[in-house]
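Dumped start_38.tsv below, it's TSV, C-alpha atoms:
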```tsv
chain	number	residue	atom	x	y	z
O	1	MET	CA	-220.09	114.49	-14.89
O	2	ALA	CA	-216.44	114.80	-14.34
O	3	ARG	CA	-215.29	116.71	-11.32
O	4	ALA	CA	-214.04	120.18	-12.25
O	5	LEU	CA	-212.22	122.68	-10.07
O	6	ILE	CA	-212.17	126.36	-10.94
O	7	ASN	CA	-210.27	128.91	-8.94
O	8	LEU	CA	-210.51	132.64	-9.50
O	9	PRO	CA	-210.80	135.68	-7.23
O	10	LYS	CA	-214.38	136.45	-6.17
O	11	THR	CA	-213.85	140.17	-6.43
O	12	ALA	CA	-211.53	142.33	-8.48
O	13	LYS	CA	-210.92	145.96	-9.31
O	14	ALA	CA	-211.69	147.12	-12.84
O	15	GLY	CA	-208.58	146.82	-14.97
O	16	ASP	CA	-206.96	144.19	-12.76
O	17	VAL	CA	-205.46	141.16	-14.46
O	18	ILE	CA	-206.92	138.13	-12.70
O	19	GLU	CA	-205.61	134.59	-12.86
O	20	ILE	CA	-208.01	131.71	-13.49
O	21	LYS	CA	-207.00	128.14	-12.65
O	22	THR	CA	-208.98	125.21	-13.99
O	23	LEU	CA	-208.70	121.47	-13.50
O	24	ILE	CA	-210.99	118.68	-14.64
O	25	SER	CA	-210.79	114.99	-13.79
O	26	HIS	CA	-210.32	113.04	-17.00
O	27	PRO	CA	-208.07	110.05	-17.84
O	28	MET	CA	-206.77	111.61	-21.11
O	29	GLU	CA	-206.10	108.15	-22.56
O	30	THR	CA	-203.52	108.82	-25.26
O	31	GLY	CA	-204.41	106.12	-27.79
O	32	PHE	CA	-200.76	105.00	-27.84
O	33	ARG	CA	-200.76	102.91	-24.68
O	34	PRO	CA	-201.39	99.16	-24.48
O	35	GLY	CA	-203.98	97.95	-21.98
O	36	PRO	CA	-203.73	94.88	-19.73
O	37	ASP	CA	-204.50	92.59	-22.70
O	38	GLY	CA	-201.69	94.08	-24.81
O	39	ARG	CA	-204.03	95.85	-27.20
O	40	ILE	CA	-203.81	99.60	-27.70
O	41	LEU	CA	-206.46	101.37	-25.65
O	42	PRO	CA	-208.65	103.65	-27.77
O	43	ARG	CA	-207.96	107.36	-27.52
O	44	ASN	CA	-210.16	109.22	-25.06
O	45	ILE	CA	-209.01	112.79	-24.50
O	46	ILE	CA	-210.40	116.27	-24.06
O	47	THR	CA	-209.65	118.05	-27.32
O	48	GLU	CA	-210.86	121.54	-26.57
O	49	PHE	CA	-211.18	123.90	-23.63
O	50	LEU	CA	-213.03	127.16	-23.99
O	51	CYS	CA	-213.52	130.02	-21.56
O	52	ARG	CA	-216.13	132.68	-22.23
O	53	PHE	CA	-217.02	135.81	-20.30
O	54	GLU	CA	-220.65	136.85	-20.77
O	55	GLY	CA	-220.71	134.89	-24.03
O	56	GLU	CA	-217.48	136.36	-25.44
O	57	GLU	CA	-214.56	133.99	-25.95
O	58	ILE	CA	-211.55	135.03	-23.89
O	59	PHE	CA	-209.37	131.92	-23.95
O	60	ARG	CA	-209.29	128.67	-25.89
O	61	ALA	CA	-206.94	125.70	-25.81
O	62	GLU	CA	-206.63	122.75	-28.17
O	63	LEU	CA	-205.39	119.74	-26.27
O	64	PHE	CA	-203.52	116.75	-27.67
O	65	PRO	CA	-202.60	113.35	-26.17
O	66	ALA	CA	-199.46	115.00	-24.75
O	67	ALA	CA	-201.57	116.87	-22.20
O	68	SER	CA	-201.50	115.20	-18.79
O	69	ALA	CA	-204.38	113.31	-17.24
O	70	ASN	CA	-206.73	115.64	-15.37
O	71	PRO	CA	-205.87	118.59	-17.63
O	72	TYR	CA	-204.89	121.70	-15.73
O	73	LEU	CA	-204.79	125.16	-17.28
O	74	THR	CA	-203.96	128.51	-15.75
O	75	PHE	CA	-204.52	131.68	-17.74
O	76	THR	CA	-205.28	135.35	-17.15
O	77	THR	CA	-207.92	137.85	-18.09
O	78	THR	CA	-208.55	141.54	-17.49
O	79	ALA	CA	-211.48	142.24	-15.18
O	80	THR	CA	-213.72	144.88	-16.76
O	81	ARG	CA	-217.15	144.38	-15.19
O	82	SER	CA	-219.04	141.93	-13.01
O	83	GLY	CA	-220.24	138.87	-14.82
O	84	THR	CA	-220.14	135.14	-15.38
O	85	PHE	CA	-217.39	133.02	-16.82
O	86	GLN	CA	-218.38	129.88	-18.71
O	87	PHE	CA	-215.87	127.06	-18.92
O	88	THR	CA	-216.47	124.33	-21.48
O	89	TRP	CA	-214.49	121.13	-22.02
O	90	ARG	CA	-215.17	119.02	-25.11
O	91	GLY	CA	-213.60	115.75	-26.10
O	92	ASP	CA	-213.73	112.25	-27.53
O	93	GLY	CA	-216.85	110.15	-27.08
O	94	GLY	CA	-219.10	113.21	-27.02
O	95	PHE	CA	-217.55	114.57	-23.81
O	96	ASP	CA	-219.04	118.00	-23.16
O	97	GLN	CA	-219.12	119.73	-19.82
O	98	THR	CA	-219.74	123.34	-18.89
O	99	GLU	CA	-219.15	125.02	-15.54
O	100	THR	CA	-219.67	128.63	-14.53
O	101	ALA	CA	-218.09	131.03	-12.07
O	102	THR	CA	-218.84	134.66	-11.31
O	103	VAL	CA	-216.66	137.62	-10.53
O	104	THR	CA	-217.72	140.89	-8.93
O	105	VAL	CA	-215.86	143.93	-10.19
O	106	ALA	CA	-215.87	146.92	-7.90
L	1	MET	CA	-198.50	88.41	-18.59
L	2	LYS	CA	-198.41	84.98	-20.22
L	3	SER	CA	-198.43	86.54	-23.69
L	4	ASP	CA	-195.54	88.83	-22.69
L	5	HIS	CA	-193.38	85.83	-21.95
L	6	GLY	CA	-194.36	84.33	-25.28
L	7	ALA	CA	-193.43	87.49	-27.15
L	8	GLY	CA	-190.14	87.69	-25.28
L	9	ALA	CA	-189.23	84.15	-26.23
L	10	ILE	CA	-190.04	84.81	-29.88
L	11	SER	CA	-187.98	88.00	-29.84
L	12	ARG	CA	-184.94	86.24	-28.44
L	13	ARG	CA	-185.21	83.45	-30.96
L	14	HIS	CA	-185.55	85.89	-33.82
L	15	LEU	CA	-182.69	87.98	-32.52
L	16	LEU	CA	-180.52	84.91	-32.64
L	17	ALA	CA	-181.85	84.02	-36.05
L	18	GLY	CA	-180.49	87.33	-37.31
L	19	ALA	CA	-181.67	90.03	-39.65
L	20	ALA	CA	-184.61	88.07	-41.04
L	21	GLY	CA	-186.09	87.93	-37.57
L	22	SER	CA	-185.72	91.62	-36.86
L	23	ALA	CA	-188.37	92.47	-39.47
L	24	VAL	CA	-190.83	90.33	-37.54
L	25	LEU	CA	-189.75	92.01	-34.32
L	26	VAL	CA	-190.73	95.41	-35.65
L	27	THR	CA	-194.22	94.23	-36.57
L	28	LEU	CA	-194.65	92.80	-33.09
L	29	ARG	CA	-194.11	96.18	-31.46
L	30	PRO	CA	-197.27	98.14	-30.71
L	31	ALA	CA	-198.03	100.94	-33.14
L	32	GLY	CA	-196.67	104.27	-32.01
L	33	ALA	CA	-194.07	102.77	-29.71
L	34	ALA	CA	-191.13	103.61	-31.95
L	35	PRO	CA	-190.27	107.23	-32.76
L	36	ALA	CA	-190.26	106.12	-36.42
L	37	ASN	CA	-194.02	105.63	-36.11
L	38	ARG	CA	-194.67	109.26	-35.28
L	39	THR	CA	-197.85	110.52	-36.86
L	40	GLU	CA	-196.13	113.68	-38.13
L	41	THR	CA	-192.70	115.28	-37.88
L	42	THR	CA	-192.20	118.22	-35.56
L	43	GLU	CA	-191.16	120.39	-38.52
L	44	SER	CA	-194.36	119.73	-40.44
L	45	ALA	CA	-196.50	120.36	-37.34
L	46	ILE	CA	-194.72	123.69	-36.83
L	47	ARG	CA	-195.21	124.58	-40.49
L	48	ARG	CA	-198.89	123.74	-40.19
L	49	PHE	CA	-199.05	126.15	-37.25
L	50	ALA	CA	-196.93	128.99	-38.62
L	51	GLY	CA	-197.16	128.54	-42.39
L	52	ASP	CA	-194.10	129.81	-44.25
L	53	ALA	CA	-193.53	132.70	-41.88
L	54	GLU	CA	-190.09	133.27	-40.41
L	55	ILE	CA	-189.83	132.13	-36.79
L	56	ARG	CA	-187.44	134.22	-34.73
L	57	SER	CA	-186.16	133.26	-31.33
L	58	GLY	CA	-186.96	135.54	-28.40
L	59	ARG	CA	-189.86	137.24	-26.61
L	60	VAL	CA	-191.20	133.84	-25.52
L	61	SER	CA	-190.14	132.21	-22.29
L	62	LEU	CA	-190.75	128.55	-21.69
L	63	ASP	CA	-190.32	127.16	-18.23
L	64	LEU	CA	-190.20	123.47	-17.46
L	65	PRO	CA	-188.08	121.44	-15.05
L	66	PRO	CA	-184.73	120.41	-16.60
L	67	LEU	CA	-184.89	117.02	-14.86
L	68	VAL	CA	-188.25	115.26	-14.91
L	69	GLU	CA	-188.84	112.30	-12.61
L	70	ASN	CA	-192.27	111.42	-13.97
L	71	GLY	CA	-192.99	112.12	-17.61
L	72	ASN	CA	-196.71	111.66	-17.06
L	73	THR	CA	-197.12	115.08	-15.53
L	74	VAL	CA	-194.60	117.78	-16.27
L	75	PRO	CA	-195.45	121.35	-15.26
L	76	LEU	CA	-195.00	123.77	-18.14
L	77	THR	CA	-195.30	127.54	-18.09
L	78	VAL	CA	-195.14	129.68	-21.18
L	79	SER	CA	-195.19	133.46	-21.21
L	80	VAL	CA	-194.69	135.99	-23.96
L	81	GLU	CA	-193.42	139.57	-23.71
L	82	SER	CA	-196.31	141.55	-25.06
L	83	PRO	CA	-198.31	144.59	-23.94
L	84	MET	CA	-201.51	142.63	-24.78
L	85	THR	CA	-203.33	145.62	-26.21
L	86	GLU	CA	-205.80	145.67	-29.09
L	87	ALA	CA	-203.00	146.78	-31.43
L	88	ASP	CA	-200.27	144.46	-30.17
L	89	HIS	CA	-201.11	141.13	-28.57
L	90	VAL	CA	-200.43	137.42	-28.75
L	91	ARG	CA	-202.89	135.55	-30.95
L	92	ARG	CA	-201.78	131.97	-30.50
L	93	ILE	CA	-199.13	129.93	-28.74
L	94	GLY	CA	-198.25	126.47	-30.00
L	95	VAL	CA	-196.20	124.01	-27.96
L	96	PHE	CA	-194.40	121.20	-29.78
L	97	ASN	CA	-192.38	118.18	-28.68
L	98	GLU	CA	-189.68	116.19	-30.44
L	99	LYS	CA	-190.17	112.57	-29.43
L	100	ASN	CA	-193.74	111.92	-28.28
L	101	PRO	CA	-195.86	109.86	-30.70
L	102	GLN	CA	-197.54	113.09	-31.83
L	103	PRO	CA	-195.69	116.41	-32.20
L	104	ASN	CA	-198.41	118.73	-30.85
L	105	VAL	CA	-198.66	119.32	-27.12
L	106	VAL	CA	-201.14	122.14	-26.81
L	107	THR	CA	-202.30	125.12	-28.86
L	108	LEU	CA	-203.50	128.18	-26.96
L	109	HIS	CA	-205.65	130.96	-28.36
L	110	LEU	CA	-205.36	134.28	-26.57
L	111	GLY	CA	-206.55	137.79	-27.21
L	112	PRO	CA	-206.09	141.35	-25.97
L	113	ARG	CA	-208.50	140.59	-23.10
L	114	ALA	CA	-206.00	138.19	-21.54
L	115	GLY	CA	-204.13	141.12	-19.97
L	116	ARG	CA	-200.95	139.07	-19.78
L	117	ALA	CA	-199.68	136.30	-22.04
L	118	HIS	CA	-198.98	133.78	-19.33
L	119	VAL	CA	-200.32	130.21	-19.37
L	120	ALA	CA	-199.48	127.19	-17.24
L	121	THR	CA	-200.42	123.56	-17.82
L	122	ARG	CA	-199.13	120.03	-17.31
L	123	ILE	CA	-197.87	117.84	-20.13
L	124	ARG	CA	-196.61	114.33	-20.87
L	125	LEU	CA	-193.12	113.58	-22.12
L	126	ALA	CA	-192.31	110.18	-23.62
L	127	ASP	CA	-188.55	110.69	-23.68
L	128	THR	CA	-185.70	113.07	-22.97
L	129	GLN	CA	-186.29	115.77	-25.51
L	130	ARG	CA	-186.57	119.43	-26.46
L	131	ILE	CA	-189.85	121.32	-26.15
L	132	THR	CA	-190.52	124.34	-28.37
L	133	ALA	CA	-193.10	127.07	-27.87
L	134	ILE	CA	-194.02	129.38	-30.75
L	135	ALA	CA	-196.11	132.51	-30.35
L	136	GLU	CA	-198.02	134.20	-33.14
L	137	MET	CA	-198.37	137.95	-32.58
L	138	SER	CA	-201.17	140.17	-33.84
L	139	ASP	CA	-198.74	141.73	-36.37
L	140	GLY	CA	-198.19	138.29	-37.93
L	141	THR	CA	-194.67	137.69	-36.60
L	142	TYR	CA	-193.66	134.43	-34.94
L	143	TRP	CA	-191.35	134.11	-31.95
L	144	SER	CA	-190.09	130.97	-30.29
L	145	ALA	CA	-188.27	129.52	-27.31
L	146	SER	CA	-187.05	126.01	-26.55
L	147	ALA	CA	-186.26	124.10	-23.39
L	148	ASP	CA	-184.67	120.72	-22.81
L	149	ALA	CA	-185.99	118.17	-20.34
L	150	ILE	CA	-184.35	114.96	-19.19
L	151	VAL	CA	-187.03	112.36	-18.47
L	152	THR	CA	-186.35	109.42	-16.17
L	153	LEU	CA	-189.81	107.80	-16.25
L	154	ALA	CA	-191.42	108.04	-19.67
L	155	ALA	CA	-195.10	108.71	-20.24
L	156	CYS	CA	-197.48	107.57	-22.97
L	157	LEU	CA	-196.22	104.07	-23.64
L	158	GLU	CA	-196.37	102.48	-20.22
L	159	GLY	CA	-198.28	102.91	-16.96
```

Let me see the file written as structure tokens.
Amino acid sequence: MARALINLPKTAKAGDVIEIKTLISHPMETGFRPGPDGRILPRNIITEFLCRFEGEEIFRAELFPAASANPYLTFTTTATRSGTFQFTWRGDGGFDQTETATVTVA
Amino acid sequence: MKSDHGAGAISRRHLLAGAAGSAVLVTLRPAGAAPANRTETTESAIRRFAGDAEIRSGRVSLDLPPLVENGNTVPLTVSVESPMTEADHVRRIGVFNEKNPQPNVVTLHLGPRAGRAHVATRIRLADTQRITAIAEMSDGTYWSASADAIVTLAACLEG
């Protein structure tokens, strides 16, 4: 399991736009870079990031080798009700990781 | 390291030998190292994203440092002027580069629930180049913005 950091406010008022910051540790090997032996290292990147709120997709990103190592994404969403966010990263070599975070809407 | 020296010696010899040697030189370079080996042109990647629609400039703002010390991690912020309502919102934002081995940087899918069309990430830049962001609105129009970045340490090919 790669280390993932997710930062969002614990509480929000209904209708507020909240900012969600996500970071996951991943080398994002581009597939264009030679290794120590001079051969091109095989590509190993996260290709997709998905954020769902109570099962409904709210944000998705397709990543390419031009995304930095340890991909970082900040995006926003409107808080409507209390619930759980699901964050999923998928990538090369069957990489698949899901984290959750909850928000309480007053 | 030993092999590097070997390759260097061959390159010099071939350089001296002239044009015949330069063909060999090209084959010795790792795939993807030269801009000529790009997997796809920026124009065709943009067309794949936007189809034949007209792309107008405006409404999008793209923020990245004009002078980049380390191309391996360049902060990039893209925001789009949009009320982000059910009737009028940003559907997708595509970010494209000019000189990396692959033209796509990131494609973002948003919806009216986003509240604001504002996304930040970090990208790699292989060379001094122009970055373009294109937003697709819910009414099917496309808007774009570009920003130039001067890169002193390139990403992708080394370190």

**Request:** Could the residues of chain O within 6 Å of chain L, counting all atoms listed in the file, be given as number ranges by chain, please?
**Result:** O: 17, 32-33, 59-64, 66-68, 72-78

**Request:** Give as a list in words every residue, naming chains and numbers as the document does, that has an atom within 8 Å of (-205.7, 105.3, -22.7), counting all atoms listed in the file.
**Result:**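 Applying the cut-off with all atoms listed in the file, one gets Pro27, Met28, Glu29, Thr30, Gly31, Phe32, Arg33, Pro34, Gly35, Ile40, Leu41, Pro42, Arg43 and Asn44 of chain O.
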
**Request:** May I ask for the distance between CA of Glu57 (chain O) and CA of Thr102 (chain O), given in Å to one decimal place?
**Result:** 15.3 Å

**Asked** Pick from O:Gly38, O:Ala69, O:Thr11, O:Leu50: nearest to Ser25 (chain O), with all atoms listed in the file counted?
**Response** O:Ala69

Because the input lacks atoms here, generate N, CA and C atoms for region 61-93 of chain O and report them as a JSON list (two decimals), keeping the file's coordinate frame.
```
[["chain", "number", "residue", "atom", "x", "y", "z"],
["O", 61, "ALA", "N", -208.10, 126.58, -25.72],
["O", 61, "ALA", "CA", -206.94, 125.70, -25.81],
["O", 61, "ALA", "C", -207.32, 124.43, -26.55],
["O", 62, "GLU", "N", -206.46, 124.05, -27.51],
["O", 62, "GLU", "CA", -206.63, 122.75, -28.17],
["O", 62, "GLU", "C", -205.68, 121.79, -27.47],
["O", 63, "LEU", "N", -206.22, 120.69, -27.00],
["O", 63, "LEU", "CA", -205.39, 119.74, -26.27],
["O", 63, "LEU", "C", -205.12, 118.51, -27.14],
["O", 64, "PHE", "N", -203.94, 117.92, -26.93],
["O", 64, "PHE", "CA", -203.52, 116.75, -27.67],
["O", 64, "PHE", "C", -203.18, 115.65, -26.66],
["O", 65, "PRO", "N", -202.90, 114.41, -27.14],
["O", 65, "PRO", "CA", -202.60, 113.35, -26.17],
["O", 65, "PRO", "C", -201.43, 113.68, -25.23],
["O", 66, "ALA", "N", -200.59, 114.65, -25.61],
["O", 66, "ALA", "CA", -199.46, 115.00, -24.75],
["O", 66, "ALA", "C", -199.86, 115.86, -23.56],
["O", 67, "ALA", "N", -201.14, 116.19, -23.42],
["O", 67, "ALA", "CA", -201.57, 116.87, -22.20],
["O", 67, "ALA", "C", -201.77, 115.82, -21.11],
["O", 68, "SER", "N", -201.42, 116.16, -19.89],
["O", 68, "SER", "CA", -201.50, 115.20, -18.79],
["O", 68, "SER", "C", -202.93, 114.82, -18.48],
["O", 69, "ALA", "N", -203.07, 113.69, -17.77],
["O", 69, "ALA", "CA", -204.38, 113.31, -17.24],
["O", 69, "ALA", "C", -204.84, 114.42, -16.31],
["O", 70, "ASN", "N", -206.13, 114.57, -16.17],
["O", 70, "ASN", "CA", -206.73, 115.64, -15.37],
["O", 70, "ASN", "C", -206.19, 117.01, -15.82],
["O", 71, "PRO", "N", -206.49, 117.39, -17.05],
["O", 71, "PRO", "CA", -205.87, 118.59, -17.63],
["O", 71, "PRO", "C", -206.07, 119.84, -16.76],
["O", 72, "TYR", "N", -204.95, 120.52, -16.59],
["O", 72, "TYR", "CA", -204.89, 121.70, -15.73],
["O", 72, "TYR", "C", -204.46, 122.87, -16.59],
["O", 73, "LEU", "N", -205.14, 123.98, -16.49],
["O", 73, "LEU", "CA", -204.79, 125.16, -17.28],
["O", 73, "LEU", "C", -204.93, 126.39, -16.41],
["O", 74, "THR", "N", -203.91, 127.23, -16.45],
["O", 74, "THR", "CA", -203.96, 128.51, -15.75],
["O", 74, "THR", "C", -203.79, 129.60, -16.79],
["O", 75, "PHE", "N", -204.65, 130.58, -16.79],
["O", 75, "PHE", "CA", -204.52, 131.68, -17.74],
["O", 75, "PHE", "C", -205.02, 132.96, -17.07],
["O", 76, "THR", "N", -204.92, 134.08, -17.78],
["O", 76, "THR", "CA", -205.28, 135.35, -17.15],
["O", 76, "THR", "C", -206.32, 136.08, -17.99],
["O", 77, "THR", "N", -207.00, 136.99, -17.36],
["O", 77, "THR", "CA", -207.92, 137.85, -18.09],
["O", 77, "THR", "C", -208.00, 139.20, -17.37],
["O", 78, "THR", "N", -208.39, 140.22, -18.09],
["O", 78, "THR", "CA", -208.55, 141.54, -17.49],
["O", 78, "THR", "C", -209.98, 141.69, -17.00],
["O", 79, "ALA", "N", -210.14, 142.05, -15.73],
["O", 79, "ALA", "CA", -211.48, 142.24, -15.18],
["O", 79, "ALA", "C", -212.00, 143.60, -15.64],
["O", 80, "THR", "N", -213.16, 143.61, -16.29],
["O", 80, "THR", "CA", -213.72, 144.88, -16.76],
["O", 80, "THR", "C", -215.03, 145.20, -16.05],
["O", 81, "ARG", "N", -215.85, 144.18, -15.85],
["O", 81, "ARG", "CA", -217.15, 144.38, -15.19],
["O", 81, "ARG", "C", -217.55, 143.07, -14.53],
["O", 82, "SER", "N", -218.56, 143.14, -13.66],
["O", 82, "SER", "CA", -219.04, 141.93, -13.01],
["O", 82, "SER", "C", -219.72, 141.06, -14.05],
["O", 83, "GLY", "N", -219.60, 139.75, -13.86],
["O", 83, "GLY", "CA", -220.24, 138.87, -14.82],
["O", 83, "GLY", "C", -219.89, 137.42, -14.57],
["O", 84, "THR", "N", -220.29, 136.58, -15.53],
["O", 84, "THR", "CA", -220.14, 135.14, -15.38],
["O", 84, "THR", "C", -219.17, 134.59, -16.42],
["O", 85, "PHE", "N", -218.28, 133.76, -15.93],
["O", 85, "PHE", "CA", -217.39, 133.02, -16.82],
["O", 85, "PHE", "C", -218.01, 131.66, -17.08],
["O", 86, "GLN", "N", -217.91, 131.21, -18.35],
["O", 86, "GLN", "CA", -218.38, 129.88, -18.71],
["O", 86, "GLN", "C", -217.17, 129.08, -19.16],
["O", 87, "PHE", "N", -217.00, 127.92, -18.58],
["O", 87, "PHE", "CA", -215.87, 127.06, -18.92],
["O", 87, "PHE", "C", -216.41, 125.80, -19.57],
["O", 88, "THR", "N", -215.97, 125.50, -20.77],
["O", 88, "THR", "CA", -216.47, 124.33, -21.48],
["O", 88, "THR", "C", -215.30, 123.42, -21.88],
["O", 89, "TRP", "N", -215.46, 122.15, -21.58],
["O", 89, "TRP", "CA", -214.49, 121.13, -22.02],
["O", 89, "TRP", "C", -215.21, 120.22, -22.99],
["O", 90, "ARG", "N", -214.59, 119.96, -24.16],
["O", 90, "ARG", "CA", -215.17, 119.02, -25.11],
["O", 90, "ARG", "C", -214.11, 117.99, -25.48],
["O", 91, "GLY", "N", -214.59, 116.77, -25.77],
["O", 91, "GLY", "CA", -213.60, 115.75, -26.10],
["O", 91, "GLY", "C", -214.18, 114.54, -26.78],
["O", 92, "ASP", "N", -213.34, 113.49, -26.86],
["O", 92, "ASP", "CA", -213.73, 112.25, -27.53],
["O", 92, "ASP", "C", -214.94, 111.63, -26.84],
["O", 93, "GLY", "N", -215.68, 110.85, -27.61],
["O", 93, "GLY", "CA", -216.85, 110.15, -27.08],
["O", 93, "GLY", "C", -217.96, 111.09, -26.66]]
```
